[in-house]
Amino acid sequence: MTIGGSGESRPSRNKRRDAVRTKATQLRVEQKKKNRRNRFLLQGGILVVALAIVAVIALVVMNSIRPAGPGPANMASDGVLIGEGMKVTETTALKAGADAVPSTPDATGTVADIRVYVDYLCPFCGQFETTNSDQIVKWVTSGAATVEIHPISILTSKSAGTQYSLRSANAAACVADYSPNDFFAFNAALFANQPKEGTAGLDDAAIMGLVKSSGVASSVSEIDSCITDVRYKAWVVAATNRALSGPLPNTTVEAVTGTPTVLVNGKQYSGALDDPKEFAAFVLQSAGETYSTSTPTPTPTPAG
């Protein structure tokens with residue numbers, strides 16, 4: 001009998017070494033399993049994040065590229081036609097993807113047909129508007145002329161990323177849709193408050209302020225919403241493309257190559273933009289009238 005013993009001999013050195021090796025092997029196997037599990041979870045997490053990023057990007061793209069909707073009412077020709085008494089000729093909205101429907105000039109040939117393609121960021125357009133607006137209003141009010149204003153956006157990239165050219169043309173379309181007979185006043189207000197090319201231009205709140213200050217009294221909330229939504233963005237782009245690619249209706253001028261493009265009875269005005277008498281002479285000549293230099297702001301009158 002062994003005094004103080006347990007009755008079992010202690011493991012030999014080899015057995016202890018084998019046991020250590022076995023334990024180490026088990027630890028390595030478990031660690032490999034843990035590493036594989038961690039890699040799987042990490043890869044799964046990365047995949048989930050990646051899918052979330054893709055979903056966000058897709059949402060942004062879908063929201064920024066809306067399907068083309070109908071154009072504004074009262075601009076079926078891509079312009080607003082204003083006649084005697086400064087009343088707008090009302091037309092139905094163009095359907096998405098539809099071609100513009102050119103307005104028909106006066107059949108008698110006794111009314112001067114003035115058409116102007118403008119970009120609200122274009123300084124030369126502002127110059128022409130400031131110089132000639134008063135006499136154009138006088139002619140149109142009396143019925144001696146009509147004026148058709150075509151807002152386009154060829155300077156969209158020239159406003160420090162704010163797309164002012166496009167947004168202001170959209171705003172003009174909104175007013176034409178909801179309050180057409182206030183269009184000319186709003187058009188004048190945009191030029192009276194015209195920002196410099198290359199600046200950020202007016203924000204939406206400032207443009208909405210011009211809607212109110214230019215005398216628009218009805219449908220203001222609808223116009224504000226239309227401006228905020230840039231509702232007619234697709235139409236502005238399409239109308240601009242039509243103007244730049246041509247042909248321009250009722251004229252031999254093939255396409256717009258710059259703004260303002262001013263046409264009178266189908267003939268393009270190429271005179272000084274800051275000389276109202278020169279433009280009046282061109283209008284009278286194009287309408288088959290004579291012009292007296294003694295008249296400060298001449299008004300075309302129907303022949304006969």
# chains A, B, ... in the order shown; residues from 1 in each chain; ligands from 1

call {"tool": "residues_around", "arguments": {"residues": "region 136-139 of chain A", "least_positions_apart": "4", "cutoff": "12 Å", "atoms": "only C-alpha atoms", "output": "number ranges by chain"}}
result
A: 82-87, 111-116, 128-132, 143-149, 184-185, 188, 264, 276-277, 279-280, 283-284, 297-302

call {"tool": "residues_around", "arguments": {"residues": "Ala172 (chain A)", "least_positions_apart": "4", "cutoff": "10 Å", "atoms": "only C-alpha atoms", "output": "ChimeraX atom specification"}}
result
/A:72,80,120,150-151,166-168,176-177,180,182-184,186-187,190,207,211,223,227,232

call {"tool": "residues_around", "arguments": {"residues": "region 250-254 of chain A", "least_positions_apart": "5", "cutoff": "10 Å", "atoms": "only C-alpha atoms", "output": "number ranges by chain"}}
result
A: 102-105, 113, 243-245, 261, 263-268

call {"tool": "select_by_dssp", "arguments": {"residues": "region 116-281 of chain A", "states": "helix (DSSP H, G or I)", "output": "MDAnalysis selection string"}}
result
chainID A and resid 123:142 164:178 180:192 204:213 220:229 233:245 276:281

call {"tool": "residues_around", "arguments": {"residues": "Gly71 (chain A)", "least_positions_apart": "5", "cutoff": "10 Å", "atoms": "only C-alpha atoms", "output": "compact mmCIF listing (two decimals) with N, CA, C and O atoms, in the first residue's frame"}}
result
# COMPACT_ATOMS: atom_id res chain seq x y z
N ALA A 76 -48.72 76.10 -75.42
CA ALA A 76 -48.67 74.99 -76.37
C ALA A 76 -47.66 75.24 -77.48
O ALA A 76 -47.13 74.30 -78.07
N ASP A 78 -44.81 76.62 -76.94
CA ASP A 78 -43.57 76.81 -76.17
C ASP A 78 -43.39 78.27 -75.77
O ASP A 78 -42.36 78.63 -75.20
N THR A 92 -54.43 74.55 -74.27
CA THR A 92 -54.32 73.41 -73.36
C THR A 92 -52.85 73.01 -73.24
O THR A 92 -52.02 73.34 -74.09
N ALA A 93 -52.55 72.29 -72.17
CA ALA A 93 -51.17 71.86 -71.93
C ALA A 93 -50.74 70.79 -72.92
O ALA A 93 -51.55 69.94 -73.32
N LEU A 94 -49.48 70.84 -73.30
CA LEU A 94 -48.93 69.78 -74.13
C LEU A 94 -48.79 68.50 -73.31
O LEU A 94 -48.36 68.54 -72.15
N LYS A 95 -49.12 67.38 -73.90
CA LYS A 95 -48.88 66.11 -73.23
C LYS A 95 -47.38 65.81 -73.23
O LYS A 95 -46.63 66.35 -74.05
N ALA A 96 -46.96 64.96 -72.31
CA ALA A 96 -45.55 64.60 -72.22
C ALA A 96 -45.07 64.03 -73.55
O ALA A 96 -45.70 63.13 -74.11
N GLY A 97 -43.97 64.58 -74.07
CA GLY A 97 -43.39 64.10 -75.31
C GLY A 97 -44.03 64.63 -76.57
O GLY A 97 -43.57 64.33 -77.68
N ALA A 98 -45.08 65.45 -76.43
CA ALA A 98 -45.76 65.99 -77.61
C ALA A 98 -44.96 67.14 -78.21
O ALA A 98 -44.20 67.83 -77.52
N ALA A 100 -44.54 70.87 -79.93
CA ALA A 100 -45.20 72.15 -79.75
C ALA A 100 -46.13 72.43 -80.92
O ALA A 100 -45.92 71.95 -82.04
N ALA A 173 -43.23 79.50 -66.45
CA ALA A 173 -44.22 78.54 -66.92
C ALA A 173 -45.32 78.33 -65.88
O ALA A 173 -46.50 78.16 -66.22
N CYS A 174 -44.94 78.34 -64.60
CA CYS A 174 -45.93 78.18 -63.53
C CYS A 174 -46.94 79.33 -63.55
O CYS A 174 -48.14 79.12 -63.41
N ASP A 177 -49.29 79.04 -66.45
CA ASP A 177 -50.28 77.99 -66.23
C ASP A 177 -51.40 78.48 -65.33
O ASP A 177 -52.59 78.36 -65.65
N ARG A 231 -41.85 71.97 -61.24
CA ARG A 231 -42.82 71.08 -61.89
C ARG A 231 -42.62 70.96 -63.39
O ARG A 231 -42.85 69.90 -63.97
N TYR A 232 -42.19 72.03 -64.02
CA TYR A 232 -42.08 72.01 -65.48
C TYR A 232 -40.62 71.93 -65.94
O TYR A 232 -40.30 72.38 -67.04
N LYS A 233 -39.79 71.34 -65.12
CA LYS A 233 -38.38 71.17 -65.48
C LYS A 233 -38.22 70.42 -66.80
O LYS A 233 -37.49 70.86 -67.69
N ALA A 234 -38.91 69.29 -66.92
CA ALA A 234 -38.79 68.48 -68.14
C ALA A 234 -39.27 69.27 -69.35
O ALA A 234 -38.68 69.19 -70.44
N TRP A 235 -40.34 70.04 -69.16
CA TRP A 235 -40.85 70.84 -70.28
C TRP A 235 -39.86 71.93 -70.67
O TRP A 235 -39.63 72.17 -71.86
N VAL A 236 -39.26 72.61 -69.70
CA VAL A 236 -38.28 73.66 -70.00
C VAL A 236 -37.12 73.09 -70.81
O VAL A 236 -36.69 73.68 -71.80
N ALA A 238 -37.16 70.39 -72.68
CA ALA A 238 -37.65 70.01 -74.01
C ALA A 238 -37.86 71.23 -74.89
O ALA A 238 -37.48 71.23 -76.08
N ALA A 239 -38.44 72.29 -74.34
CA ALA A 239 -38.68 73.51 -75.12
C ALA A 239 -37.36 74.15 -75.53
O ALA A 239 -37.23 74.68 -76.66

call {"tool": "select_by_dssp", "arguments": {"residues": "region 71-300 of chain A", "states": "strand (DSSP E or B)", "output": "PDB file with N, CA, C and O atoms, in the first residue's frame"}}
result
ATOM      1  N   VAL A  80     -45.730  82.160 -74.640  1.00  0.00           N
ATOM      2  CA  VAL A  80     -46.981  82.779 -74.214  1.00  0.00           C
ATOM      3  C   VAL A  80     -47.326  83.865 -75.220  1.00  0.00           C
ATOM      4  O   VAL A  80     -46.574  84.823 -75.383  1.00  0.00           O
ATOM      5  N   LEU A  81     -48.443  83.711 -75.906  1.00  0.00           N
ATOM      6  CA  LEU A  81     -48.866  84.666 -76.928  1.00  0.00           C
ATOM      7  C   LEU A  81     -49.800  85.690 -76.290  1.00  0.00           C
ATOM      8  O   LEU A  81     -50.853  85.346 -75.766  1.00  0.00           O
ATOM      9  N   ILE A  82     -49.396  86.975 -76.374  1.00  0.00           N
ATOM     10  CA  ILE A  82     -50.151  88.055 -75.746  1.00  0.00           C
ATOM     11  C   ILE A  82     -50.663  88.986 -76.843  1.00  0.00           C
ATOM     12  O   ILE A  82     -49.895  89.443 -77.690  1.00  0.00           O
ATOM     13  N   GLY A  83     -51.963  89.244 -76.800  1.00  0.00           N
ATOM     14  CA  GLY A  83     -52.581  90.063 -77.831  1.00  0.00           C
ATOM     15  C   GLY A  83     -53.245  91.304 -77.274  1.00  0.00           C
ATOM     16  O   GLY A  83     -52.944  91.754 -76.163  1.00  0.00           O
ATOM     17  N   LYS A  87     -53.975  90.523 -73.287  1.00  0.00           N
ATOM     18  CA  LYS A  87     -54.627  89.275 -72.913  1.00  0.00           C
ATOM     19  C   LYS A  87     -53.895  88.093 -73.541  1.00  0.00           C
ATOM     20  O   LYS A  87     -53.528  88.123 -74.723  1.00  0.00           O
ATOM     21  N   VAL A  88     -53.710  87.055 -72.762  1.00  0.00           N
ATOM     22  CA  VAL A  88     -53.006  85.865 -73.229  1.00  0.00           C
ATOM     23  C   VAL A  88     -53.962  84.940 -73.978  1.00  0.00           C
ATOM     24  O   VAL A  88     -55.109  84.756 -73.565  1.00  0.00           O
ATOM     25  N   ALA A 112     -48.351  93.405 -86.269  1.00  0.00           N
ATOM     26  CA  ALA A 112     -46.951  92.987 -86.167  1.00  0.00           C
ATOM     27  C   ALA A 112     -46.843  91.786 -85.235  1.00  0.00           C
ATOM     28  O   ALA A 112     -47.368  91.795 -84.121  1.00  0.00           O
ATOM     29  N   ASP A 113     -46.150  90.750 -85.704  1.00  0.00           N
ATOM     30  CA  ASP A 113     -45.977  89.497 -84.960  1.00  0.00           C
ATOM     31  C   ASP A 113     -44.570  89.484 -84.366  1.00  0.00           C
ATOM     32  O   ASP A 113     -43.594  89.198 -85.050  1.00  0.00           O
ATOM     33  N   ILE A 114     -44.470  89.805 -83.066  1.00  0.00           N
ATOM     34  CA  ILE A 114     -43.173  89.878 -82.375  1.00  0.00           C
ATOM     35  C   ILE A 114     -42.998  88.613 -81.544  1.00  0.00           C
ATOM     36  O   ILE A 114     -43.870  88.261 -80.739  1.00  0.00           O
ATOM     37  N   ARG A 115     -41.883  87.940 -81.729  1.00  0.00           N
ATOM     38  CA  ARG A 115     -41.580  86.733 -80.955  1.00  0.00           C
ATOM     39  C   ARG A 115     -40.186  86.864 -80.371  1.00  0.00           C
ATOM     40  O   ARG A 115     -39.242  87.216 -81.087  1.00  0.00           O
ATOM     41  N   VAL A 116     -40.076  86.576 -79.079  1.00  0.00           N
ATOM     42  CA  VAL A 116     -38.808  86.769 -78.382  1.00  0.00           C
ATOM     43  C   VAL A 116     -38.455  85.503 -77.599  1.00  0.00           C
ATOM     44  O   VAL A 116     -39.253  85.037 -76.774  1.00  0.00           O
ATOM     45  N   TYR A 117     -37.268  84.957 -77.853  1.00  0.00           N
ATOM     46  CA  TYR A 117     -36.735  83.828 -77.091  1.00  0.00           C
ATOM     47  C   TYR A 117     -35.755  84.390 -76.067  1.00  0.00           C
ATOM     48  O   TYR A 117     -34.772  85.060 -76.434  1.00  0.00           O
ATOM     49  N   VAL A 118     -36.048  84.153 -74.775  1.00  0.00           N
ATOM     50  CA  VAL A 118     -35.260  84.775 -73.714  1.00  0.00           C
ATOM     51  C   VAL A 118     -34.756  83.744 -72.711  1.00  0.00           C
ATOM     52  O   VAL A 118     -35.378  82.702 -72.495  1.00  0.00           O
ATOM     53  N   ALA A 145     -49.886  95.046 -82.447  1.00  0.00           N
ATOM     54  CA  ALA A 145     -48.900  93.963 -82.459  1.00  0.00           C
ATOM     55  C   ALA A 145     -49.315  92.893 -81.470  1.00  0.00           C
ATOM     56  O   ALA A 145     -50.146  93.119 -80.581  1.00  0.00           O
ATOM     57  N   THR A 146     -48.747  91.728 -81.643  1.00  0.00           N
ATOM     58  CA  THR A 146     -48.803  90.682 -80.629  1.00  0.00           C
ATOM     59  C   THR A 146     -47.359  90.382 -80.230  1.00  0.00           C
ATOM     60  O   THR A 146     -46.425  90.614 -81.009  1.00  0.00           O
ATOM     61  N   VAL A 147     -47.164  89.887 -79.029  1.00  0.00           N
ATOM     62  CA  VAL A 147     -45.829  89.473 -78.607  1.00  0.00           C
ATOM     63  C   VAL A 147     -45.931  88.070 -78.025  1.00  0.00           C
ATOM     64  O   VAL A 147     -46.842  87.781 -77.238  1.00  0.00           O
ATOM     65  N   GLU A 148     -45.047  87.211 -78.449  1.00  0.00           N
ATOM     66  CA  GLU A 148     -44.994  85.842 -77.941  1.00  0.00           C
ATOM     67  C   GLU A 148     -43.630  85.645 -77.292  1.00  0.00           C
ATOM     68  O   GLU A 148     -42.599  85.755 -77.958  1.00  0.00           O
ATOM     69  N   ILE A 149     -43.635  85.361 -75.997  1.00  0.00           N
ATOM     70  CA  ILE A 149     -42.397  85.235 -75.223  1.00  0.00           C
ATOM     71  C   ILE A 149     -42.114  83.759 -74.963  1.00  0.00           C
ATOM     72  O   ILE A 149     -42.971  83.036 -74.436  1.00  0.00           O
ATOM     73  N   HIS A 150     -40.914  83.335 -75.339  1.00  0.00           N
ATOM     74  CA  HIS A 150     -40.483  81.942 -75.189  1.00  0.00           C
ATOM     75  C   HIS A 150     -39.356  81.865 -74.150  1.00  0.00           C
ATOM     76  O   HIS A 150     -38.196  82.165 -74.460  1.00  0.00           O
ATOM     77  N   PRO A 151     -39.646  81.476 -72.905  1.00  0.00           N
ATOM     78  CA  PRO A 151     -38.567  81.299 -71.923  1.00  0.00           C
ATOM     79  C   PRO A 151     -37.795  80.010 -72.213  1.00  0.00           C
ATOM     80  O   PRO A 151     -38.389  78.940 -72.337  1.00  0.00           O
ATOM     81  N   THR A 261     -33.264  86.070 -79.047  1.00  0.00           N
ATOM     82  CA  THR A 261     -33.576  85.933 -80.473  1.00  0.00           C
ATOM     83  C   THR A 261     -34.922  86.609 -80.668  1.00  0.00           C
ATOM     84  O   THR A 261     -35.926  86.177 -80.097  1.00  0.00           O
ATOM     85  N   VAL A 262     -34.915  87.684 -81.444  1.00  0.00           N
ATOM     86  CA  VAL A 262     -36.111  88.513 -81.626  1.00  0.00           C
ATOM     87  C   VAL A 262     -36.541  88.428 -83.091  1.00  0.00           C
ATOM     88  O   VAL A 262     -35.746  88.710 -83.991  1.00  0.00           O
ATOM     89  N   LEU A 263     -37.776  88.049 -83.302  1.00  0.00           N
ATOM     90  CA  LEU A 263     -38.326  87.906 -84.652  1.00  0.00           C
ATOM     91  C   LEU A 263     -39.532  88.823 -84.795  1.00  0.00           C
ATOM     92  O   LEU A 263     -40.373  88.896 -83.888  1.00  0.00           O
ATOM     93  N   VAL A 264     -39.622  89.503 -85.910  1.00  0.00           N
ATOM     94  CA  VAL A 264     -40.790  90.325 -86.219  1.00  0.00           C
ATOM     95  C   VAL A 264     -41.286  89.914 -87.598  1.00  0.00           C
ATOM     96  O   VAL A 264     -40.558  90.039 -88.589  1.00  0.00           O
ATOM     97  N   LYS A 267     -38.881  87.832 -89.468  1.00  0.00           N
ATOM     98  CA  LYS A 267     -37.541  88.346 -89.741  1.00  0.00           C
ATOM     99  C   LYS A 267     -36.795  88.570 -88.430  1.00  0.00           C
ATOM    100  O   LYS A 267     -37.371  89.071 -87.461  1.00  0.00           O
ATOM    101  N   GLN A 268     -35.511  88.220 -88.406  1.00  0.00           N
ATOM    102  CA  GLN A 268     -34.737  88.343 -87.173  1.00  0.00           C
ATOM    103  C   GLN A 268     -34.167  89.743 -87.024  1.00  0.00           C
ATOM    104  O   GLN A 268     -33.566  90.296 -87.949  1.00  0.00           O
TER     105      GLN A 268
END

call {"tool": "decode", "arguments": {"residues": "region 152-193 of chain A", "atoms": "C-alpha atoms", "output": "PDB file, in the first residue's frame"}}
result
ATOM      1  CA  ILE A 152     -35.637  78.916 -72.485  1.00  0.00           C
ATOM      2  CA  SER A 153     -32.650  77.892 -70.366  1.00  0.00           C
ATOM      3  CA  ILE A 154     -29.357  77.913 -72.221  1.00  0.00           C
ATOM      4  CA  LEU A 155     -27.395  79.334 -69.263  1.00  0.00           C
ATOM      5  CA  THR A 156     -28.379  76.711 -66.692  1.00  0.00           C
ATOM      6  CA  SER A 157     -24.726  75.937 -65.903  1.00  0.00           C
ATOM      7  CA  LYS A 158     -23.828  79.615 -65.407  1.00  0.00           C
ATOM      8  CA  SER A 159     -25.284  80.179 -61.937  1.00  0.00           C
ATOM      9  CA  ALA A 160     -22.847  78.558 -59.493  1.00  0.00           C
ATOM     10  CA  GLY A 161     -24.717  75.256 -59.504  1.00  0.00           C
ATOM     11  CA  THR A 162     -28.190  76.605 -58.636  1.00  0.00           C
ATOM     12  CA  GLN A 163     -29.627  76.171 -62.165  1.00  0.00           C
ATOM     13  CA  TYR A 164     -31.196  79.626 -61.967  1.00  0.00           C
ATOM     14  CA  SER A 165     -31.805  79.786 -65.702  1.00  0.00           C
ATOM     15  CA  LEU A 166     -33.889  76.613 -65.593  1.00  0.00           C
ATOM     16  CA  ARG A 167     -35.660  77.462 -62.323  1.00  0.00           C
ATOM     17  CA  SER A 168     -36.679  80.936 -63.485  1.00  0.00           C
ATOM     18  CA  ALA A 169     -38.002  79.576 -66.793  1.00  0.00           C
ATOM     19  CA  ASN A 170     -39.954  76.990 -64.789  1.00  0.00           C
ATOM     20  CA  ALA A 171     -41.354  79.773 -62.601  1.00  0.00           C
ATOM     21  CA  ALA A 172     -42.476  81.685 -65.702  1.00  0.00           C
ATOM     22  CA  ALA A 173     -44.221  78.537 -66.923  1.00  0.00           C
ATOM     23  CA  CYS A 174     -45.929  78.181 -63.531  1.00  0.00           C
ATOM     24  CA  VAL A 175     -47.332  81.718 -63.781  1.00  0.00           C
ATOM     25  CA  ALA A 176     -48.410  81.100 -67.390  1.00  0.00           C
ATOM     26  CA  ASP A 177     -50.279  77.990 -66.231  1.00  0.00           C
ATOM     27  CA  TYR A 178     -52.054  79.372 -63.167  1.00  0.00           C
ATOM     28  CA  SER A 179     -52.314  83.132 -63.841  1.00  0.00           C
ATOM     29  CA  PRO A 180     -51.629  83.688 -67.551  1.00  0.00           C
ATOM     30  CA  ASN A 181     -52.629  87.351 -67.779  1.00  0.00           C
ATOM     31  CA  ASP A 182     -49.998  88.173 -65.126  1.00  0.00           C
ATOM     32  CA  PHE A 183     -47.251  86.519 -67.165  1.00  0.00           C
ATOM     33  CA  PHE A 184     -45.966  89.703 -68.822  1.00  0.00           C
ATOM     34  CA  ALA A 185     -45.681  91.508 -65.472  1.00  0.00           C
ATOM     35  CA  PHE A 186     -43.832  88.574 -63.921  1.00  0.00           C
ATOM     36  CA  ASN A 187     -41.560  88.314 -66.967  1.00  0.00           C
ATOM     37  CA  ALA A 188     -40.713  92.015 -66.502  1.00  0.00           C
ATOM     38  CA  ALA A 189     -40.114  91.494 -62.761  1.00  0.00           C
ATOM     39  CA  LEU A 190     -37.609  88.690 -63.435  1.00  0.00           C
ATOM     40  CA  PHE A 191     -35.617  91.030 -65.683  1.00  0.00           C
ATOM     41  CA  ALA A 192     -35.941  93.991 -63.311  1.00  0.00           C
ATOM     42  CA  ASN A 193     -34.384  91.800 -60.600  1.00  0.00           C
TER      43      ASN A 193
END
